[in-house]
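*Asks:* Sharing model_8.txt, compact mmCIF, C-alpha atoms:
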```txt
# COMPACT_ATOMS: atom_id res chain seq x y z
CA MET A 1 19.91 8.69 -11.57
CA PHE A 2 23.47 9.91 -11.80
CA PRO A 3 25.95 7.50 -13.43
CA ALA A 4 28.15 6.20 -10.62
CA SER A 5 30.94 4.76 -12.74
CA ASP A 6 33.76 2.75 -11.19
CA TRP A 7 36.23 5.29 -12.54
CA TYR A 8 34.48 8.20 -10.85
CA HIS A 9 33.99 6.31 -7.61
CA GLU A 10 37.61 5.17 -7.34
CA ASN A 11 39.03 8.57 -8.27
CA PHE A 12 36.73 10.38 -5.87
CA ARG A 13 37.69 7.97 -3.11
CA GLU A 14 41.39 8.34 -3.91
CA ASN A 15 41.09 12.14 -3.76
CA ILE A 16 39.32 12.01 -0.42
CA THR A 17 41.98 9.70 1.02
CA SER A 18 44.79 11.90 -0.32
CA ASN A 19 43.24 15.05 1.14
CA ILE A 20 42.82 13.49 4.57
CA LEU A 21 46.41 12.15 4.61
CA LEU A 22 47.74 15.54 3.53
CA ASP A 23 45.78 17.31 6.27
CA LEU A 24 47.00 14.85 8.90
CA THR A 25 50.63 15.30 7.81
CA ILE A 26 50.38 19.08 7.96
CA PHE A 27 48.59 18.89 11.32
CA HIS A 28 51.35 16.77 12.90
CA LEU A 29 54.11 18.98 11.50
CA THR A 30 52.32 22.03 12.84
CA SER A 31 51.92 20.50 16.30
CA ILE A 32 55.66 19.73 16.43
CA LEU A 33 57.16 22.85 14.90
CA TYR A 34 54.27 25.27 15.53
CA LYS A 35 54.68 27.66 12.70
CA PRO A 36 51.23 29.28 12.35
CA LYS A 37 52.25 31.13 9.22
CA TRP A 38 52.15 27.78 7.36
CA LEU A 39 48.39 27.53 7.73
CA SER A 40 45.56 30.01 7.40
CA CYS A 41 42.75 30.03 9.97
CA LYS A 42 40.44 28.60 7.36
CA ARG A 43 42.83 25.68 6.78
CA LEU A 44 43.00 24.97 10.51
CA ILE A 45 39.20 24.95 10.68
CA ASN A 46 39.08 22.54 7.76
CA LEU A 47 41.59 20.27 9.54
CA LYS A 48 39.33 20.17 12.58
CA GLU A 49 36.22 19.49 10.49
CA SER A 50 37.92 16.70 8.57
CA ARG A 51 38.18 14.66 11.78
CA VAL A 52 34.71 15.38 13.19
CA LYS A 53 31.61 13.35 12.39
CA GLN A 54 28.90 15.52 10.87
CA ILE A 55 25.38 14.18 11.52
CA ALA A 56 21.79 15.13 10.72
CA THR A 57 18.42 13.31 10.89
CA THR A 58 15.30 14.26 8.96
CA LEU A 59 11.70 13.22 8.36
CA SER A 60 9.83 13.53 5.08
CA ASN A 61 6.51 12.38 3.63
CA PRO A 62 5.87 10.65 0.33
CA ASN A 63 3.54 12.47 -2.02
CA ILE A 64 0.76 11.43 -4.36
CA ALA A 65 0.62 13.16 -7.72
CA LEU A 66 -2.78 14.32 -8.91
CA ILE A 67 -1.27 15.45 -12.21
CA LYS A 68 1.40 12.90 -12.99
CA TYR A 69 5.09 13.05 -13.81
CA TRP A 70 6.06 10.43 -16.39
CA GLY A 71 8.99 10.77 -18.76
CA ASN A 72 12.05 13.03 -18.73
CA ARG A 73 13.34 15.70 -21.07
CA ASP A 74 16.78 15.17 -19.52
CA GLU A 75 17.37 11.75 -17.94
CA ARG A 76 20.62 12.71 -16.18
CA LEU A 77 19.22 15.83 -14.49
CA ARG A 78 15.69 14.41 -14.22
CA ILE A 79 14.13 17.38 -15.97
CA PRO A 80 10.54 16.19 -16.53
CA SER A 81 8.63 16.20 -19.80
CA ASN A 82 5.75 18.02 -18.08
CA GLY A 83 4.84 19.77 -14.85
CA SER A 84 2.90 18.02 -12.08
CA ILE A 85 0.83 18.66 -8.95
CA SER A 86 0.83 16.59 -5.75
CA ILE A 87 -0.06 16.51 -2.07
CA ASN A 88 2.23 15.36 0.73
CA LEU A 89 0.96 12.47 2.84
CA ALA A 90 1.07 13.01 6.61
CA GLY A 91 1.29 9.78 8.59
CA LEU A 92 3.53 8.07 6.05
CA GLU A 93 7.16 8.88 6.80
CA THR A 94 10.76 8.28 5.85
CA ARG A 95 13.29 8.89 8.61
CA THR A 96 16.86 9.30 7.39
CA SER A 97 20.14 9.93 9.19
CA VAL A 98 23.35 10.94 7.43
CA CYS A 99 26.73 10.83 9.16
CA PHE A 100 29.79 12.03 7.28
CA ASP A 101 32.57 10.07 8.97
CA PRO A 102 36.27 10.47 8.04
CA THR A 103 36.99 6.92 9.26
CA LEU A 104 34.76 5.33 6.61
CA GLN A 105 36.33 3.79 3.52
CA GLN A 106 33.14 4.00 1.46
CA ASP A 107 29.53 5.16 1.70
CA THR A 108 27.19 2.74 3.47
CA LEU A 109 23.40 2.44 3.30
CA THR A 110 21.11 0.69 5.76
CA LEU A 111 17.50 0.52 4.57
CA ASN A 112 14.74 -0.65 6.89
CA GLY A 113 17.26 -2.35 9.16
CA ALA A 114 19.19 -4.23 6.49
CA SER A 115 22.25 -3.45 4.43
CA ALA A 116 21.08 -2.20 1.02
CA GLY A 117 22.06 -3.87 -2.24
CA LYS A 118 24.70 -2.60 -4.64
CA THR A 119 22.31 -0.73 -6.96
CA ALA A 120 20.66 1.25 -4.16
CA ARG A 121 24.01 1.92 -2.50
CA GLU A 122 25.55 3.25 -5.71
CA ARG A 123 22.52 5.45 -6.35
CA VAL A 124 22.81 7.00 -2.89
CA SER A 125 26.60 7.35 -3.19
CA ALA A 126 26.22 9.16 -6.52
CA PHE A 127 23.76 11.53 -4.87
CA LEU A 128 26.12 12.15 -1.94
CA ASN A 129 28.86 12.98 -4.44
CA GLN A 130 26.75 15.98 -5.52
CA VAL A 131 26.58 17.15 -1.90
CA ARG A 132 30.33 16.71 -1.51
CA ILE A 133 30.91 18.74 -4.67
CA MET A 134 28.67 21.53 -3.30
CA SER A 135 30.37 21.55 0.12
CA GLU A 136 33.82 21.26 1.67
CA VAL A 137 33.02 17.81 3.08
CA ARG A 138 35.19 15.05 1.64
CA SER A 139 34.31 12.18 3.97
CA PHE A 140 32.23 9.18 3.07
CA ALA A 141 28.88 8.85 4.82
CA ALA A 142 26.82 6.29 6.69
CA VAL A 143 23.16 6.59 5.70
CA VAL A 144 20.38 4.92 7.70
CA SER A 145 16.83 5.17 6.35
CA GLU A 146 13.51 3.67 7.42
CA ASN A 147 9.99 3.83 5.97
CA ASN A 148 6.80 3.13 7.89
CA PHE A 149 5.09 2.07 4.64
CA PRO A 150 5.88 -0.43 1.83
CA THR A 151 9.01 0.35 -0.18
CA GLY A 152 9.06 0.22 -3.98
CA ALA A 153 5.35 -0.62 -4.30
CA GLY A 154 4.04 2.53 -5.94
CA ILE A 155 3.65 4.68 -2.81
CA ALA A 156 6.44 7.13 -3.70
CA SER A 157 9.05 5.68 -1.34
CA SER A 158 11.85 7.07 -3.52
CA ALA A 159 10.29 10.55 -3.29
CA SER A 160 10.31 10.65 0.50
CA ALA A 161 13.67 8.84 0.63
CA PHE A 162 15.58 11.34 -1.49
CA ALA A 163 13.79 14.34 0.01
CA ALA A 164 14.88 13.18 3.46
CA LEU A 165 18.37 12.35 2.17
CA ALA A 166 18.77 15.75 0.47
CA LEU A 167 17.82 17.64 3.62
CA ALA A 168 19.90 15.45 5.96
CA ALA A 169 22.98 15.41 3.74
CA ALA A 170 22.83 19.16 3.15
CA HIS A 171 22.59 19.92 6.88
CA ALA A 172 25.28 17.40 7.80
CA ALA A 173 27.57 18.96 5.20
CA GLY A 174 26.93 22.45 6.57
CA LEU A 175 25.11 23.72 3.49
CA GLN A 176 22.59 26.53 3.93
CA LEU A 177 20.12 25.87 1.10
CA SER A 178 16.79 27.53 0.38
CA GLU A 179 13.68 25.40 -0.08
CA GLN A 180 13.97 25.87 -3.84
CA GLU A 181 17.61 24.77 -3.80
CA LEU A 182 16.74 21.73 -1.67
CA SER A 183 13.94 20.84 -4.09
CA ARG A 184 16.37 20.98 -7.01
CA LEU A 185 18.89 18.87 -5.11
CA ALA A 186 16.28 16.22 -4.19
CA ARG A 187 15.18 16.06 -7.84
CA ARG A 188 18.65 14.85 -8.78
CA GLY A 189 18.07 11.69 -6.71
CA SER A 190 14.46 11.01 -7.70
CA GLY A 191 12.33 13.35 -9.77
CA SER A 192 9.25 13.26 -7.57
CA ALA A 193 11.41 13.82 -4.47
CA CYS A 194 11.48 17.53 -5.33
CA ARG A 195 7.74 17.62 -4.49
CA SER A 196 8.30 16.18 -0.98
CA ILE A 197 10.51 19.09 0.08
CA PRO A 198 7.72 21.76 0.27
CA GLY A 199 4.54 21.10 2.24
CA GLY A 200 0.85 20.88 1.45
CA PHE A 201 -0.35 21.22 -2.13
CA VAL A 202 2.68 21.37 -4.38
CA GLU A 203 3.42 22.12 -8.03
CA TRP A 204 6.60 21.00 -9.79
CA PHE A 205 7.52 23.37 -12.59
CA ALA A 206 9.06 21.31 -15.38
CA GLY A 207 11.49 24.03 -16.42
CA ASP A 208 14.09 23.45 -19.08
CA ASN A 209 17.30 23.24 -17.02
CA ASP A 210 18.57 22.56 -13.50
CA GLU A 211 17.89 26.10 -12.31
CA THR A 212 14.26 26.27 -13.44
CA SER A 213 13.02 22.77 -12.54
CA PHE A 214 11.82 22.77 -8.92
CA ALA A 215 8.69 22.41 -6.78
CA GLU A 216 6.94 24.85 -4.49
CA SER A 217 3.76 24.96 -2.45
CA PHE A 218 0.78 26.87 -3.81
CA ALA A 219 -1.51 26.10 -0.84
CA PRO A 220 -0.60 25.05 2.72
CA ALA A 221 -1.52 21.70 4.24
CA GLY A 222 -4.43 23.28 6.14
CA HIS A 223 -5.99 24.77 3.01
CA TRP A 224 -8.27 21.78 2.36
CA ALA A 225 -8.91 18.79 4.63
CA LEU A 226 -8.45 15.89 2.23
CA GLY A 227 -7.63 12.30 3.04
CA ASP A 228 -5.88 9.52 1.17
CA CYS A 229 -6.98 5.93 1.74
CA ILE A 230 -4.31 3.73 0.17
CA ALA A 231 -5.62 0.30 -0.80
CA ILE A 232 -2.59 -1.98 -0.66
CA ILE A 233 -3.03 -5.09 -2.76
CA SER A 234 0.67 -5.94 -2.96
CA HIS A 235 3.65 -5.30 -0.69
CA ALA A 236 6.06 -6.65 -3.31
CA HIS A 237 8.78 -4.48 -4.80
CA LYS A 238 7.72 -3.73 -8.39
CA SER A 239 9.73 -5.53 -11.06
CA THR A 240 10.25 -2.37 -13.14
CA GLY A 241 11.05 0.75 -11.16
CA SER A 242 10.01 4.27 -12.05
CA THR A 243 13.51 5.24 -13.18
CA GLU A 244 13.47 2.52 -15.83
CA GLY A 245 9.86 3.27 -16.70
CA HIS A 246 10.48 6.97 -17.35
CA ALA A 247 13.06 6.04 -19.97
CA THR A 248 10.47 4.10 -22.00
CA ALA A 249 7.74 6.78 -21.98
CA SER A 250 8.79 8.27 -25.33
CA THR A 251 8.23 4.91 -27.05
CA SER A 252 4.46 5.26 -26.59
CA LEU A 253 2.48 6.89 -29.39
CA LEU A 254 0.32 8.50 -26.70
CA GLN A 255 3.08 10.31 -24.78
CA ASP A 256 3.30 13.37 -27.03
CA THR A 257 -0.46 13.90 -26.78
CA ARG A 258 -0.38 13.46 -23.01
CA ILE A 259 2.41 16.05 -22.67
CA ALA A 260 0.74 18.53 -25.03
CA THR A 261 -2.52 18.46 -23.05
CA THR A 262 -0.97 18.50 -19.57
CA PRO A 263 -0.96 22.33 -19.16
CA THR A 264 -4.76 22.36 -19.40
CA ARG A 265 -5.07 19.66 -16.75
CA LEU A 266 -2.58 21.46 -14.52
CA GLU A 267 -4.67 24.62 -14.66
CA THR A 268 -7.90 22.69 -13.98
CA CYS A 269 -6.33 20.85 -11.05
CA ARG A 270 -4.76 23.96 -9.53
CA ARG A 271 -8.03 25.88 -9.79
CA ALA A 272 -10.04 22.99 -8.32
CA ILE A 273 -7.73 22.81 -5.29
CA LEU A 274 -7.73 26.55 -4.69
CA ASN A 275 -11.55 26.63 -4.99
CA ARG A 276 -12.01 23.36 -3.05
CA ASP A 277 -14.00 22.01 -5.98
CA PHE A 278 -14.01 18.26 -5.28
CA ASN A 279 -15.91 17.11 -8.38
CA SER A 280 -13.62 18.99 -10.77
CA LEU A 281 -10.55 17.64 -8.96
CA ALA A 282 -11.92 14.09 -9.11
CA GLU A 283 -12.53 14.23 -12.85
CA VAL A 284 -9.16 15.70 -13.83
CA ALA A 285 -7.14 13.50 -11.45
CA GLU A 286 -8.73 10.25 -12.66
CA LEU A 287 -8.29 11.32 -16.28
CA ASP A 288 -4.63 12.17 -15.76
CA SER A 289 -3.94 8.90 -13.94
CA ASN A 290 -5.59 6.91 -16.74
CA LEU A 291 -3.55 8.78 -19.36
CA MET A 292 -0.27 7.99 -17.62
CA HIS A 293 -1.10 4.30 -17.38
CA ALA A 294 -2.22 4.29 -21.02
CA VAL A 295 1.26 5.53 -21.92
CA MET A 296 2.81 2.80 -19.77
CA ILE A 297 0.69 0.06 -21.34
CA THR A 298 1.53 1.22 -24.88
CA SER A 299 5.27 1.70 -24.29
CA GLN A 300 7.94 -0.69 -25.54
CA PRO A 301 8.24 -2.88 -23.60
CA PRO A 302 4.75 -2.37 -22.13
CA LEU A 303 4.38 -1.73 -18.41
CA LEU A 304 1.19 -3.06 -16.88
CA TYR A 305 1.18 -2.42 -13.14
CA TRP A 306 -2.54 -3.00 -12.63
CA GLN A 307 -3.75 -6.25 -11.10
CA PRO A 308 -7.34 -7.55 -11.10
CA ALA A 309 -7.90 -6.01 -7.66
CA THR A 310 -6.65 -2.66 -8.98
CA LEU A 311 -9.40 -2.59 -11.60
CA GLY A 312 -11.98 -3.72 -9.06
CA ILE A 313 -11.13 -0.77 -6.81
CA MET A 314 -11.23 1.70 -9.72
CA GLN A 315 -14.71 0.54 -10.72
CA ALA A 316 -15.97 0.54 -7.12
CA VAL A 317 -14.70 4.07 -6.45
CA GLN A 318 -16.45 5.46 -9.52
CA LYS A 319 -19.66 3.74 -8.44
CA TRP A 320 -19.36 5.17 -4.91
CA ARG A 321 -18.87 8.68 -6.27
CA SER A 322 -21.90 8.34 -8.53
CA GLY A 323 -23.83 7.35 -5.41
CA GLY A 324 -22.84 10.55 -3.60
CA LEU A 325 -19.68 9.60 -1.70
CA PRO A 326 -16.96 12.18 -2.51
CA CYS A 327 -13.97 10.06 -3.53
CA PHE A 328 -11.76 9.39 -6.55
CA TYR A 329 -8.80 7.17 -7.43
CA THR A 330 -5.31 7.88 -8.63
CA ILE A 331 -2.54 5.32 -9.17
CA ASP A 332 1.22 5.81 -9.33
CA ALA A 333 3.66 3.35 -10.91
CA GLY A 334 2.43 0.26 -9.08
CA PRO A 335 -0.71 -1.78 -8.39
CA ASN A 336 -1.83 -0.04 -5.19
CA VAL A 337 -4.65 2.49 -5.40
CA HIS A 338 -4.86 5.88 -3.69
CA VAL A 339 -8.46 6.83 -2.98
CA ILE A 340 -8.71 10.55 -2.26
CA CYS A 341 -11.69 11.76 -0.24
CA LEU A 342 -12.74 14.49 2.16
CA GLU A 343 -11.04 13.95 5.51
CA ASP A 344 -14.41 13.43 7.21
CA GLU A 345 -15.04 10.45 4.90
CA ILE A 346 -11.80 8.56 5.61
CA GLU A 347 -13.45 6.08 7.98
CA GLN A 348 -16.27 5.24 5.57
CA VAL A 349 -13.99 4.92 2.52
CA THR A 350 -11.57 2.73 4.49
CA ALA A 351 -14.37 0.41 5.60
CA ARG A 352 -15.62 0.02 2.03
CA LEU A 353 -12.14 -0.64 0.65
CA GLN A 354 -11.46 -3.31 3.28
CA ARG A 355 -14.46 -5.28 2.02
CA LEU A 356 -13.21 -5.41 -1.58
CA PRO A 357 -11.53 -8.60 -2.87
CA GLY A 358 -7.75 -8.47 -2.98
CA VAL A 359 -7.28 -5.56 -0.55
CA LEU A 360 -4.66 -6.63 2.00
CA GLN A 361 -4.51 -3.44 4.01
CA VAL A 362 -5.64 0.17 3.93
CA ARG A 363 -3.23 2.91 5.03
CA THR A 364 -4.60 6.39 5.58
CA ALA A 365 -3.01 9.81 5.38
CA THR A 366 -3.97 13.46 5.45
CA VAL A 367 -2.29 16.42 3.76
CA GLY A 368 1.24 16.69 5.12
CA GLY A 369 3.86 19.37 5.68
CA PRO A 370 7.39 19.85 4.36
CA ALA A 371 10.49 17.75 4.89
CA ARG A 372 11.96 18.68 8.25
CA LEU A 373 15.11 18.43 10.34
CA ILE A 374 14.61 16.64 13.65
CA MET A 375 18.17 16.25 14.91
```
Let me see the file written as structure tokens.

*Replies:*
Amino acid sequence: MFPASDWYHENFRENITSNILLDLTIFHLTSILYKPKWLSCKRLINLKESRVKQIATTLSNPNIALIKYWGNRDERLRIPSNGSISINLAGLETRTSVCFDPTLQQDTLTLNGASAGKTARERVSAFLNQVRIMSEVRSFAAVVSENNFPTGAGIASSASAFAALALAAAHAAGLQLSEQELSRLARRGSGSACRSIPGGFVEWFAGDNDETSFAESFAPAGHWALGDCIAIISHAHKSTGSTEGHATASTSLLQDTRIATTPTRLETCRRAILNRDFNSLAEVAELDSNLMHAVMITSQPPLLYWQPATLGIMQAVQKWRSGGLPCFYTIDAGPNVHVICLEDEIEQVTARLQRLPGVLQVRTATVGGPARLIM
């Protein structure tokens, strides 16, 4: 994430305060003396906007990567070491409201009904600074965000959170951004968030700079009726987040090999989706998931997100597929397991997962659409 240093925060805040005070002074002088030549029309419009709350509310879905993103070429800009492919998850949602308010003395963040901690607040404030730089808005913002699924447990809550935040903040600030520009903006908050901006089946092009690293859809949500049965074995917030984990990827002896072979898996995955070839998709997705976790386990320090129940689900899913049930597993940075199946098989896969030891709950999703403005 962006470094939100005390120096930058204080200076940015001081500049905002100074600008508002200057505008107010000029406004009062103008109202008393009324000399229109002092101010251009644009300046008068800016004076009006500086005292008006600017609000937007959005919804976005988390996504599950079938070809994984793990490790960055550029940590600050979140330029990934390799491209990735994912699907958005309809039914799992983040709802985020952003209100730029000139009366605020600092950015605030309410997450799932509670005031967020310092680290999360600073991360969001640093992101909002990018929006302020891109726009003429200089006010601080109140951000309210809610998930209808576990946060920080390996279900891509940061992806949906920053996708929703990017869209809401951009609209509230009056920015007219293309989908590609929104994807690039969301990436600055959380890499995988760029994939939650477009809908359906999405590919994130790694690129080599800010301009070329973005995600776009290569097939709409209705292209293939797939389901995701998420076996939740822990609601706990993971001890090591993805941001910290990405920074350790290069310490694994396996990472260079994983990156070098990713283009082949991307092509196989893309072709399998376009051709609706379930068996090919199952094989490449499980392989890619295992490779990412092999890198995690062999990094310094090692990251082992799997729990005994995680392994039990992996083994069961492979057995079910061998027996003719079309399903496969993929696991993000956490213990919970995504079991992808044909949409018609969601009920059967869910029932089987619920009988496995250690499964607390099963959440289901289908292929979802893009991040969207609702207010």

*Asks:* Name all residues at most 9 Å from A:Thr330 (count only C-alpha atoms; drop same-chain ones fewer than 2 positions away) and give them as a list in words.

*Replies:*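 Listed by chain and then number, they are Ile64, Ala65, Leu66, Ala285, Glu286, Leu287, Asp288, Ser289, Asn290, Met314, Phe328, Asp332, Val337, His338, Val339 and Ile340 of chain A.
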
*Asks:* For the point (25.4, 7.6, 7.5) in file coordinates, what residues are within 12 Å, counting only C-alpha atoms? Give the answer as a ChimeraX atom specification?

*Replies:* /A:53-57,96-104,106-111,115,121,124-125,128,139-145,165,168-169,172-173

*Asks:* Which is closer to A:Leu177 than all the others in A:Ser158, A:Thr310, A:Gln300, A:Ser135, using all atoms listed in the file?

*Replies:*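 Ranked by minimum distance to A:Leu177, first place goes to A:Ser135.
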
*Asks:* What is the atom CA of A:Met292-atom CA of A:Tyr69 distance in Å, reported with one decimal?

*Replies:*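 Atom CA of A:Met292 sits 8.3 Å away from atom CA of A:Tyr69.
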
*Asks:* If we draw a sphere of 12 Å around (20.0, 12.4, -15.2), which residues have at least one atom in it when counting all atoms listed in the file? Please report them as a count of residues only.

*Replies:* 28

*Asks:* Do you have the atom CA of A:Glu122-atom CA of A:Leu89 distance handy?

*Replies:* 27.6 Å
